[in-house]
file final-v5.csv (CSV, C-alpha atoms)
chain,number,residue,atom,x,y,z
A,1,MET,CA,-4.2,-3.9,-10.8
A,2,ILE,CA,-5.7,-3.8,-7.3
A,3,LEU,CA,-5.7,-0.5,-5.4
A,4,LEU,CA,-5.9,-0.3,-1.6
A,5,GLN,CA,-9.0,1.2,0.0
A,6,SER,CA,-8.5,4.4,1.8
A,7,HIS,CA,-10.5,3.4,4.8
A,8,SER,CA,-9.8,0.6,7.3
A,9,ARG,CA,-12.5,-2.1,6.7
A,10,PHE,CA,-12.3,-3.4,10.3
A,11,LEU,CA,-12.4,0.0,11.8
A,12,LEU,CA,-15.5,1.0,9.7
A,13,GLN,CA,-17.3,-2.2,10.6
A,14,THR,CA,-16.5,-1.6,14.3
A,15,LEU,CA,-17.9,2.0,14.1
A,16,LEU,CA,-21.0,1.0,12.2
A,17,THR,CA,-21.8,-1.9,14.6
A,18,ARG,CA,-21.4,0.5,17.6
A,19,ALA,CA,-23.5,3.2,16.0
A,20,GLN,CA,-26.3,0.7,15.2
A,21,ASN,CA,-26.4,-0.5,18.8
A,22,LEU,CA,-26.2,2.7,20.9
A,23,ASP,CA,-29.1,1.5,23.1
A,24,LYS,CA,-26.9,-1.3,24.4
A,25,ALA,CA,-24.2,-0.6,26.9
A,26,VAL,CA,-21.2,-2.6,25.8
A,27,GLU,CA,-17.5,-2.5,26.4
A,28,LEU,CA,-15.1,-2.5,23.5
A,29,ASP,CA,-11.3,-2.8,23.6
A,30,TYR,CA,-9.9,-3.6,20.2
A,31,GLN,CA,-6.3,-3.3,19.0
A,32,TRP,CA,-4.9,-4.3,15.7
A,33,ILE,CA,-2.1,-3.4,13.2
A,34,GLU,CA,-2.5,-2.8,9.5
A,35,PHE,CA,0.0,-2.5,6.7
A,36,ASP,CA,3.1,-0.3,7.1
A,37,ASP,CA,2.9,-0.8,10.9
A,38,VAL,CA,0.0,1.6,11.6
A,39,ARG,CA,-1.7,0.5,14.8
A,40,TYR,CA,-5.3,1.2,15.9
A,41,HIS,CA,-7.0,1.1,19.3
A,42,VAL,CA,-10.8,1.5,19.7
A,43,GLN,CA,-12.2,1.7,23.3
A,44,VAL,CA,-15.7,2.1,24.7
A,45,THR,CA,-16.4,1.7,28.4
A,46,MET,CA,-19.5,0.7,30.3
A,47,LYS,CA,-19.3,3.9,32.3
A,48,ASN,CA,-19.5,6.1,29.1
A,49,PRO,CA,-21.1,3.9,26.4
A,50,ASN,CA,-21.8,6.9,24.1
A,51,VAL,CA,-18.1,7.9,24.1
A,52,LEU,CA,-15.7,6.2,21.7
A,53,LEU,CA,-11.9,6.7,21.8
A,54,LEU,CA,-9.9,6.1,18.6
A,55,SER,CA,-6.2,6.0,18.9
A,56,VAL,CA,-3.7,5.7,16.1
A,57,SER,CA,0.0,5.0,16.3
A,58,LEU,CA,2.2,5.8,13.3
A,59,PRO,CA,5.7,4.5,12.5
A,60,ASN,CA,8.5,6.5,14.1
A,61,PRO,CA,9.5,9.1,11.5
A,62,PRO,CA,13.1,9.1,10.4
A,63,PRO,CA,15.2,12.3,11.0
A,64,GLU,CA,14.8,13.7,7.5
A,65,ALA,CA,11.0,13.5,7.5
A,66,MET,CA,8.9,16.6,8.3
A,67,SER,CA,6.9,15.9,11.5
A,68,PHE,CA,5.7,17.6,14.6
A,69,ASP,CA,5.1,15.7,17.9
A,70,GLY,CA,5.2,12.4,15.9
A,71,LEU,CA,2.6,13.6,13.4
A,72,PRO,CA,3.2,14.6,9.7
A,73,LEU,CA,3.2,18.2,8.7
A,74,GLY,CA,-0.4,19.6,8.7
A,75,ALA,CA,-2.0,16.6,10.3
A,76,ILE,CA,-3.9,18.4,13.1
A,77,GLU,CA,-5.2,21.1,10.6
A,78,ALA,CA,-6.3,18.3,8.2
A,79,ILE,CA,-8.2,16.5,11.0
A,80,LYS,CA,-10.0,19.7,12.0
A,81,THR,CA,-10.9,20.4,8.4
A,82,THR,CA,-12.2,16.9,7.7
A,83,TYR,CA,-14.1,16.1,10.8
A,84,GLY,CA,-15.2,19.6,12.0
A,85,THR,CA,-16.2,20.3,15.6
A,86,GLY,CA,-17.8,16.9,16.3
A,87,PHE,CA,-14.5,15.3,17.4
A,88,GLN,CA,-12.1,16.2,20.2
A,89,ILE,CA,-8.4,15.7,19.8
A,90,LEU,CA,-7.0,14.6,23.1
A,91,ASP,CA,-3.8,16.3,24.2
A,92,PRO,CA,-1.7,14.4,25.1
A,93,PRO,CA,-2.9,11.2,23.3
A,94,ARG,CA,-3.2,7.9,25.0
A,95,ASP,CA,0.1,6.3,26.0
A,96,GLY,CA,1.9,4.7,23.1
A,97,PHE,CA,-0.1,6.4,20.4
A,98,SER,CA,0.5,9.4,18.1
A,99,LEU,CA,-3.1,10.6,18.1
A,100,THR,CA,-6.3,10.0,20.0
A,101,LEU,CA,-9.8,11.2,18.9
A,102,LYS,CA,-12.8,11.3,21.1
A,103,LEU,CA,-16.2,10.8,19.5
A,104,ASN,CA,-19.4,11.4,21.5
A,105,PHE,CA,-22.3,9.7,19.8
A,106,SER,CA,-24.8,11.8,21.8
A,107,LYS,CA,-23.5,15.0,20.1
A,108,VAL,CA,-22.7,13.7,16.6
A,109,ARG,CA,-25.1,12.0,14.2
A,110,PRO,CA,-23.2,8.8,13.3
A,111,ASP,CA,-24.2,8.4,9.7
A,112,GLU,CA,-22.3,6.0,7.4
A,113,GLU,CA,-20.6,8.9,5.5
A,114,LEU,CA,-19.2,10.4,8.7
A,115,LEU,CA,-18.0,7.0,10.0
A,116,THR,CA,-16.4,6.2,6.6
A,117,LYS,CA,-14.4,9.5,6.9
A,118,LEU,CA,-13.4,8.5,10.5
A,119,ALA,CA,-12.3,5.0,9.2
A,120,SER,CA,-10.1,6.9,6.7
A,121,ILE,CA,-8.1,8.6,9.5
A,122,ARG,CA,-4.9,7.1,8.1
A,123,GLU,CA,-5.4,8.9,4.8
A,124,VAL,CA,-6.2,12.2,6.5
A,125,VAL,CA,-3.1,12.1,8.8
A,126,MET,CA,-0.4,10.6,6.5
A,127,GLY,CA,-1.6,12.4,3.4
A,128,ALA,CA,-1.6,15.9,5.1
A,129,PRO,CA,1.8,17.1,3.9
A,130,LEU,CA,1.0,15.8,0.3
A,131,LYS,CA,-2.2,17.8,0.3
A,132,ILE,CA,-0.5,21.0,1.4
A,133,ILE,CA,2.0,20.8,-1.5
A,134,PHE,CA,-0.6,19.6,-4.1
A,135,LYS,CA,-3.1,22.3,-3.2
A,136,HIS,CA,-0.5,24.9,-3.9
A,137,LEU,CA,0.3,23.1,-7.2
A,138,ALA,CA,-3.4,23.1,-8.2
A,139,SER,CA,-3.6,26.8,-7.5
A,140,ARG,CA,-0.2,27.4,-9.1
A,141,THR,CA,1.1,29.1,-6.0
A,142,VAL,CA,4.4,28.5,-4.2
A,143,ALA,CA,4.2,26.8,-0.8
A,144,PRO,CA,5.9,29.0,1.8
A,145,GLU,CA,8.5,27.8,4.2
A,146,LEU,CA,9.1,24.5,2.4
A,147,ASP,CA,12.5,23.1,1.5
A,148,ARG,CA,13.5,22.4,-2.1
A,149,LEU,CA,13.5,18.7,-1.1
A,150,VAL,CA,10.6,17.5,1.1
A,151,ALA,CA,10.9,14.1,2.8
A,152,ILE,CA,7.7,12.3,3.8
A,153,MET,CA,7.5,9.2,6.0
A,154,HIS,CA,5.4,6.4,4.6
A,155,ARG,CA,6.9,3.2,6.2
A,156,PRO,CA,8.8,2.5,9.3
A,157,ASN,CA,12.1,4.5,9.1
A,158,GLU,CA,11.5,5.1,5.3
A,159,THR,CA,10.6,8.2,3.3
A,160,PHE,CA,9.8,9.2,-0.2
A,161,PHE,CA,10.6,12.7,-1.6
A,162,LEU,CA,8.7,15.5,-3.1
A,163,VAL,CA,10.5,18.1,-5.2
A,164,PRO,CA,8.3,21.1,-6.0
A,165,GLN,CA,9.4,23.0,-9.1
A,166,VAL,CA,8.5,26.5,-10.1
A,167,TYR,CA,8.2,28.4,-13.4
A,168,ILE,CA,9.7,31.9,-13.4
A,169,TYR,CA,8.7,34.4,-16.1
A,170,SER,CA,8.8,38.1,-16.4
A,171,ILE,CA,5.9,40.6,-16.7
A,172,GLY,CA,6.9,43.7,-18.4
A,173,LEU,CA,10.4,45.1,-17.7
A,174,SER,CA,10.4,45.2,-13.9
A,175,TYR,CA,8.2,42.4,-12.6
A,176,VAL,CA,9.1,38.7,-12.2
A,177,ALA,CA,6.3,36.1,-11.5
A,178,ILE,CA,6.9,32.7,-9.9
A,179,GLU,CA,4.3,30.0,-10.0
A,180,ALA,CA,4.2,26.3,-9.2
A,181,ASP,CA,4.8,24.3,-12.3
A,182,LYS,CA,5.0,20.6,-11.3
A,183,VAL,CA,6.0,18.3,-8.4
A,184,THR,CA,8.4,15.4,-8.9
A,185,VAL,CA,7.7,12.5,-6.5
A,186,ALA,CA,10.6,10.0,-6.0
A,187,PHE,CA,10.4,6.6,-4.2
A,188,PRO,CA,13.5,4.7,-3.2
A,189,MET,CA,12.2,1.1,-3.4
A,190,ARG,CA,13.6,-1.3,-0.7
A,191,PHE,CA,12.8,-4.9,0.0
A,192,LYS,CA,14.3,-7.2,2.6
A,193,ASP,CA,13.9,-10.5,0.8
A,194,SER,CA,16.0,-11.2,-2.3
A,195,VAL,CA,13.2,-12.8,-4.1
A,196,ASP,CA,10.9,-9.9,-3.4
A,197,THR,CA,13.6,-7.6,-4.7
A,198,ILE,CA,13.8,-9.4,-8.1
A,199,LEU,CA,10.0,-9.6,-8.5
A,200,ALA,CA,9.6,-5.9,-7.5
A,201,THR,CA,12.3,-4.8,-10.0
A,202,SER,CA,10.6,-6.7,-12.8
A,203,PHE,CA,7.1,-5.5,-11.7
A,204,LEU,CA,8.3,-1.8,-11.7
A,205,LYS,CA,9.8,-2.1,-15.1
A,206,GLU,CA,6.5,-3.4,-16.5
A,207,PHE,CA,4.6,-0.8,-14.5
A,208,VAL,CA,6.6,2.0,-16.3
A,209,GLU,CA,6.2,0.3,-19.6
A,210,ALA,CA,2.4,0.1,-19.2
A,211,ARG,CA,2.3,3.8,-18.7
A,212,ARG,CA,3.2,4.3,-22.3
A,213,ALA,CA,-0.1,2.8,-23.4
A,214,ALA,CA,-2.4,5.3,-25.3
A,215,ALA,CA,-5.2,4.9,-22.8
A,216,LEU,CA,-2.9,6.3,-20.1
A,217,ASN,CA,-1.8,9.4,-21.8
A,218,THR,CA,-3.3,11.7,-19.2
A,219,ALA,CA,-1.7,9.8,-16.2
A,220,PRO,CA,1.4,11.2,-14.5
A,221,SER,CA,4.6,10.4,-16.3
A,222,CYS,CA,6.5,7.6,-14.6
A,223,SER,CA,10.1,6.4,-14.8
A,224,TRP,CA,12.3,3.8,-13.2
A,225,SER,CA,16.1,3.8,-12.7
A,226,PRO,CA,18.6,1.7,-10.8
A,227,THR,CA,20.2,4.9,-9.4
A,228,ALA,CA,18.9,8.0,-7.7
A,229,PRO,CA,17.5,10.6,-10.1
A,230,GLN,CA,19.0,14.0,-10.2
A,231,GLU,CA,16.1,15.6,-8.3
A,232,LEU,CA,17.4,13.8,-5.2
A,233,GLU,CA,20.7,15.5,-5.2
A,234,GLY,CA,21.4,16.7,-1.7
A,235,ALA,CA,19.3,14.0,0.1
A,236,PRO,CA,21.0,12.2,2.9
A,237,LYS,CA,23.0,9.2,1.6
A,238,GLU,CA,21.4,6.7,4.0
A,239,THR,CA,18.0,7.5,2.4
A,240,LEU,CA,19.2,6.6,-1.1
A,241,SER,CA,19.9,2.9,-0.6
A,242,ALA,CA,17.4,1.2,-2.8
A,243,ASN,CA,17.9,-2.4,-3.9
A,244,ALA,CA,14.9,-2.3,-6.2
A,245,GLY,CA,15.7,1.1,-7.8
A,246,PHE,CA,13.9,4.4,-7.8
A,247,VAL,CA,10.4,5.2,-9.2
A,248,THR,CA,9.7,8.8,-10.2
A,249,PHE,CA,6.3,10.4,-10.9
A,250,VAL,CA,5.8,13.9,-12.3
A,251,ILE,CA,2.6,15.5,-11.0
A,252,PHE,CA,1.1,18.5,-12.9
A,253,PRO,CA,-1.8,20.7,-11.8
A,254,ARG,CA,-4.3,18.8,-13.8
A,255,HIS,CA,-3.6,15.7,-11.8
A,256,VAL,CA,-4.6,17.3,-8.5
A,257,GLU,CA,-7.6,19.4,-9.5
A,258,GLY,CA,-10.9,19.0,-7.7
A,259,LYS,CA,-11.8,15.4,-6.7
A,260,LYS,CA,-8.5,14.1,-8.3
A,261,LEU,CA,-6.6,15.5,-5.3
A,262,ASP,CA,-7.7,12.9,-2.7
A,263,ARG,CA,-7.2,10.0,-5.1
A,264,THR,CA,-3.7,11.2,-6.1
A,265,VAL,CA,-2.7,11.7,-2.5
A,266,TRP,CA,-3.8,8.2,-1.4
A,267,ASN,CA,-2.3,6.4,-4.4
A,268,LEU,CA,1.1,8.1,-3.8
A,269,SER,CA,1.2,7.7,0.0
A,270,THR,CA,0.4,3.9,-0.4
A,271,PHE,CA,2.5,3.2,-3.5
A,272,HIS,CA,5.1,1.1,-1.8
A,273,ALA,CA,2.3,-1.0,-0.1
A,274,TYR,CA,0.7,-1.3,-3.5
A,275,VAL,CA,3.9,-2.7,-5.0
A,276,SER,CA,4.5,-5.0,-2.1
A,277,TYR,CA,1.0,-6.4,-2.4
A,278,HIS,CA,1.4,-7.3,-6.0
A,279,VAL,CA,4.9,-8.8,-5.4
A,280,LYS,CA,3.5,-11.0,-2.6
A,281,PHE,CA,0.5,-11.9,-4.8
A,282,SER,CA,2.8,-12.8,-7.7
A,283,GLU,CA,5.0,-14.9,-5.4
A,284,GLY,CA,2.0,-16.8,-4.0
A,285,PHE,CA,0.6,-17.3,-7.5
A,286,MET,CA,3.9,-18.8,-8.7
A,287,HIS,CA,4.0,-21.1,-5.6
A,288,THR,CA,0.5,-22.3,-6.3
A,289,ARG,CA,1.4,-23.0,-10.0
A,290,MET,CA,4.5,-24.9,-8.9
A,291,ARG,CA,2.5,-27.0,-6.4
A,292,ARG,CA,0.0,-27.9,-9.0
A,293,ARG,CA,2.7,-28.8,-11.4
A,294,VAL,CA,4.4,-31.0,-8.9
A,295,GLU,CA,1.1,-32.6,-7.9
A,296,SER,CA,0.3,-33.4,-11.5
A,297,MET,CA,3.7,-35.0,-12.0
A,298,ILE,CA,3.3,-37.1,-8.9
A,299,GLN,CA,-0.1,-38.2,-10.1
A,300,ALA,CA,1.3,-39.2,-13.4
A,301,LEU,CA,4.0,-41.2,-11.7
A,302,ASP,CA,1.5,-42.9,-9.5
A,303,GLN,CA,-0.6,-43.9,-12.5
A,304,ALA,CA,2.5,-45.2,-14.3
A,305,LYS,CA,3.4,-47.7,-11.5
A,306,PRO,CA,0.6,-50.3,-12.0
A,307,LEU,CA,1.1,-50.1,-15.8
A,308,GLU,CA,4.8,-50.9,-15.4
A,309,LYS,CA,3.9,-53.8,-13.2
A,310,THR,CA,1.4,-55.2,-15.7
A,311,ARG,CA,4.0,-54.9,-18.5
A,312,SER,CA,6.5,-56.8,-16.4
A,313,MET,CA,4.1,-59.6,-15.7
A,314,ASN,CA,3.2,-59.9,-19.4
A,315,ASN,CA,6.9,-60.2,-20.3
A,316,LYS,CA,7.3,-63.0,-17.7
A,317,SER,CA,4.3,-64.8,-19.1
A,318,PHE,CA,5.6,-64.5,-22.6
A,319,LYS,CA,9.0,-65.9,-21.6
A,320,ARG,CA,7.4,-68.9,-19.8
A,321,LEU,CA,5.1,-69.5,-22.8
A,322,GLY,CA,8.1,-69.5,-25.2
A,323,LEU,CA,10.1,-71.8,-23.0
A,324,ASN,CA,7.3,-74.4,-22.7
A,325,GLU,CA,6.8,-74.4,-26.5
A,326,VAL,CA,10.5,-75.1,-27.0
A,327,ASN,CA,10.5,-78.0,-24.5
A,328,HIS,CA,7.4,-79.5,-26.1
A,329,THR,CA,9.0,-79.4,-29.5
A,330,ASN,CA,12.2,-81.0,-28.3
A,331,SER,CA,10.3,-83.9,-26.6
A,332,LYS,CA,8.7,-84.7,-29.9
call {"tool": "encode", "arguments": {"input": "final-v5.csv", "output": "structure tokens"}}
result
Amino acid sequence: MILLQSHSRFLLQTLLTRAQNLDKAVELDYQWIEFDDVRYHVQVTMKNPNVLLLSVSLPNPPPEAMSFDGLPLGAIEAIKTTYGTGFQILDPPRDGFSLTLKLNFSKVRPDEELLTKLASIREVVMGAPLKIIFKHLASRTVAPELDRLVAIMHRPNETFFLVPQVYIYSIGLSYVAIEADKVTVAFPMRFKDSVDTILATSFLKEFVEARRAAALNTAPSCSWSPTAPQELEGAPKETLSANAGFVTFVIFPRHVEGKKLDRTVWNLSTFHAYVSYHVKFSEGFMHTRMRRRVESMIQALDQAKPLEKTRSMNNKSFKRLGLNEVNHTNSK
């Protein structure tokens, strides 16, 4: 299985190249789009060669998703925590973008670790609401002011759902304690192409089956069903249309402790892209095998044509030889 990297490779290469050539006044103006319709814009002007503007545009969040000014819940706080005071958040952002960061190379030491963090801006922003909920889970505390069912945008006009669950127990005769117990994460899986839908359904069933291996006992439990799980009761009906079924993960505190938190957040926020990648890869692999099969059959047919012609000529020679012998015998 191939997991997606948390940083944008092109963005990291652009940042490293600029940081290594600060003595040269160059103008940059790059725009590109990566998976799930996340758009980037990097700009450096000749007037301010030490100032780099990074703008990010996220897909429009659907109505059920928690967002503020086009950004996921907790995104601004996550940016400030991750990057510190070396970056400035422009308000408002550049036209057509959800977020714009200003980096002044004359005030910030542009080492590779810092630039790699900046190239992971997508993970920081889109994983912010997941981190809020999972940090409470790791500390076994209940996140305040959150609904029972939390919708998080991860693709254009699509969401997945988090259902925090608590454990209630009594202390003595008059006290009741509530602590976070687990979080159920449910993905409605949708695909536009009918072939992709068939391949994805097969892939997801095998994915769930592989989880039962002994080597994966500590991984989050995983299940697939053609219909919405009970945890999604109360979700808007339009969000529960899934032609490839529903995948559900159950996350416990041990899955988000320490360094496991970032990895769990990234793997969940890009799960649909991960499945899509393997579906397209499988489809391409099958097409390649089919082409090779057809090419080998055509090659076999091409090799058979001269052989058939030789056999035909030999048959004609045999017939002529037999006829000549008969005529010679009759003349005697």
call {"tool": "closest_residue", "arguments": {"input": "final-v5.csv", "among": "A:Lys205, A:Arg39, A:Arg291, A:His7", "to": "Thr248 (chain A)", "atoms": "only C-alpha atoms"}}
result
A:Lys205
call {"tool": "closest_residue", "arguments": {"input": "final-v5.csv", "among": "A:Lys192, A:His41, A:Arg140, A:Arg292", "to": "Ser241 (chain A)", "atoms": "all atoms listed in the file"}}
result
A:Lys192
call {"tool": "residues_near_point", "arguments": {"input": "final-v5.csv", "point": "(-4.9, 24.1, -13.3)", "cutoff": "7 Å", "atoms": "only C-alpha atoms", "output": "PyMOL selection string"}}
result
chain A and resi 138-139+253-254+257
call {"tool": "residues_around", "arguments": {"input": "final-v5.csv", "residues": "Val142 (chain A)", "least_positions_apart": "2", "cutoff": "9 Å", "atoms": "all atoms listed in the file", "output": "ChimeraX atom specification"}}
result
/A:133,136-137,139-140,144,164-166,178-180
call {"tool": "closest_atom_pairs", "arguments": {"input": "final-v5.csv", "of": "region 193-229 of chain A", "to": "region 259-275 of chain A", "cutoff": "9 Å", "atoms": "only C-alpha atoms", "output": "Markdown table"}}
result
| residue | atom | partner | partner_atom | distance |
| --- | --- | --- | --- | --- |
| A:Ala200 | CA | A:Val275 | CA | 7.0 |
| A:Phe203 | CA | A:Val275 | CA | 7.9 |
| A:Leu204 | CA | A:Val275 | CA | 8.1 |
call {"tool": "atom_distance", "arguments": {"input": "final-v5.csv", "atom1": "CA of Ala242 (chain A)", "atom2": "CA of Ser57 (chain A)"}}
result
26.1 Å
call {"tool": "atom_distance", "arguments": {"input": "final-v5.csv", "atom1": "CA of Lys280 (chain A)", "atom2": "CA of Pro62 (chain A)"}}
result
25.8 Å
call {"tool": "closest_residue", "arguments": {"input": "final-v5.csv", "among": "A:Leu301, A:Val125, A:Val256, A:Val294", "to": "Thr81 (chain A)", "atoms": "all atoms listed in the file"}}
result
A:Val125
call {"tool": "residues_near_point", "arguments": {"input": "final-v5.csv", "point": "(18.4, 8.2, -11.6)", "cutoff": "12 Å", "atoms": "only C-alpha atoms", "output": "number ranges by chain"}}
result
A: 186-188, 223-233, 240, 242, 245-248
call {"tool": "atom_distance", "arguments": {"input": "final-v5.csv", "atom1": "CA of Leu71 (chain A)", "atom2": "CA of Thr116 (chain A)"}}
result
21.5 Å
call {"tool": "closest_residue", "arguments": {"input": "final-v5.csv", "among": "A:Gly284, A:Pro156, A:Pro236, A:Gly127", "to": "Ala75 (chain A)", "atoms": "all atoms listed in the file"}}
result
A:Gly127
call {"tool": "closest_residue", "arguments": {"input": "final-v5.csv", "among": "A:Leu118, A:Asp181, A:Pro110, A:Phe191", "to": "Ala143 (chain A)", "atoms": "all atoms listed in the file"}}
result
A:Asp181
call {"tool": "residues_around", "arguments": {"input": "final-v5.csv", "residues": "Ala219 (chain A)", "least_positions_apart": "4", "cutoff": "12 Å", "atoms": "all atoms listed in the file", "output": "PyMOL selection string"}}
result
chain A and resi 208+210-215+249-256+260+264
call {"tool": "write_last_selection", "arguments": {"input": "final-v5.csv", "atoms": "C-alpha atoms", "output": "mmCIF file, keeping the file's coordinate frame"}}
result
data_model
loop_
_atom_site.group_PDB
_atom_site.id
_atom_site.type_symbol
_atom_site.label_atom_id
_atom_site.label_comp_id
_atom_site.auth_asym_id
_atom_site.auth_seq_id
_atom_site.Cartn_x
_atom_site.Cartn_y
_atom_site.Cartn_z
ATOM 1 C CA VAL A 208 6.600 2.000 -16.300
ATOM 2 C CA ALA A 210 2.400 0.100 -19.200
ATOM 3 C CA ARG A 211 2.300 3.800 -18.700
ATOM 4 C CA ARG A 212 3.200 4.300 -22.300
ATOM 5 C CA ALA A 213 -0.100 2.800 -23.400
ATOM 6 C CA ALA A 214 -2.400 5.300 -25.300
ATOM 7 C CA ALA A 215 -5.200 4.900 -22.800
ATOM 8 C CA PHE A 249 6.300 10.400 -10.900
ATOM 9 C CA VAL A 250 5.800 13.900 -12.300
ATOM 10 C CA ILE A 251 2.600 15.500 -11.000
ATOM 11 C CA PHE A 252 1.100 18.500 -12.900
ATOM 12 C CA PRO A 253 -1.800 20.700 -11.800
ATOM 13 C CA ARG A 254 -4.300 18.800 -13.800
ATOM 14 C CA HIS A 255 -3.600 15.700 -11.800
ATOM 15 C CA VAL A 256 -4.600 17.300 -8.500
ATOM 16 C CA LYS A 260 -8.500 14.100 -8.300
ATOM 17 C CA THR A 264 -3.700 11.200 -6.100
#
call {"tool": "closest_residue", "arguments": {"input": "final-v5.csv", "among": "A:Ser276, A:Thr218, A:Asn243, A:Asn104", "to": "Asn48 (chain A)", "atoms": "only C-alpha atoms"}}
result
A:Asn104
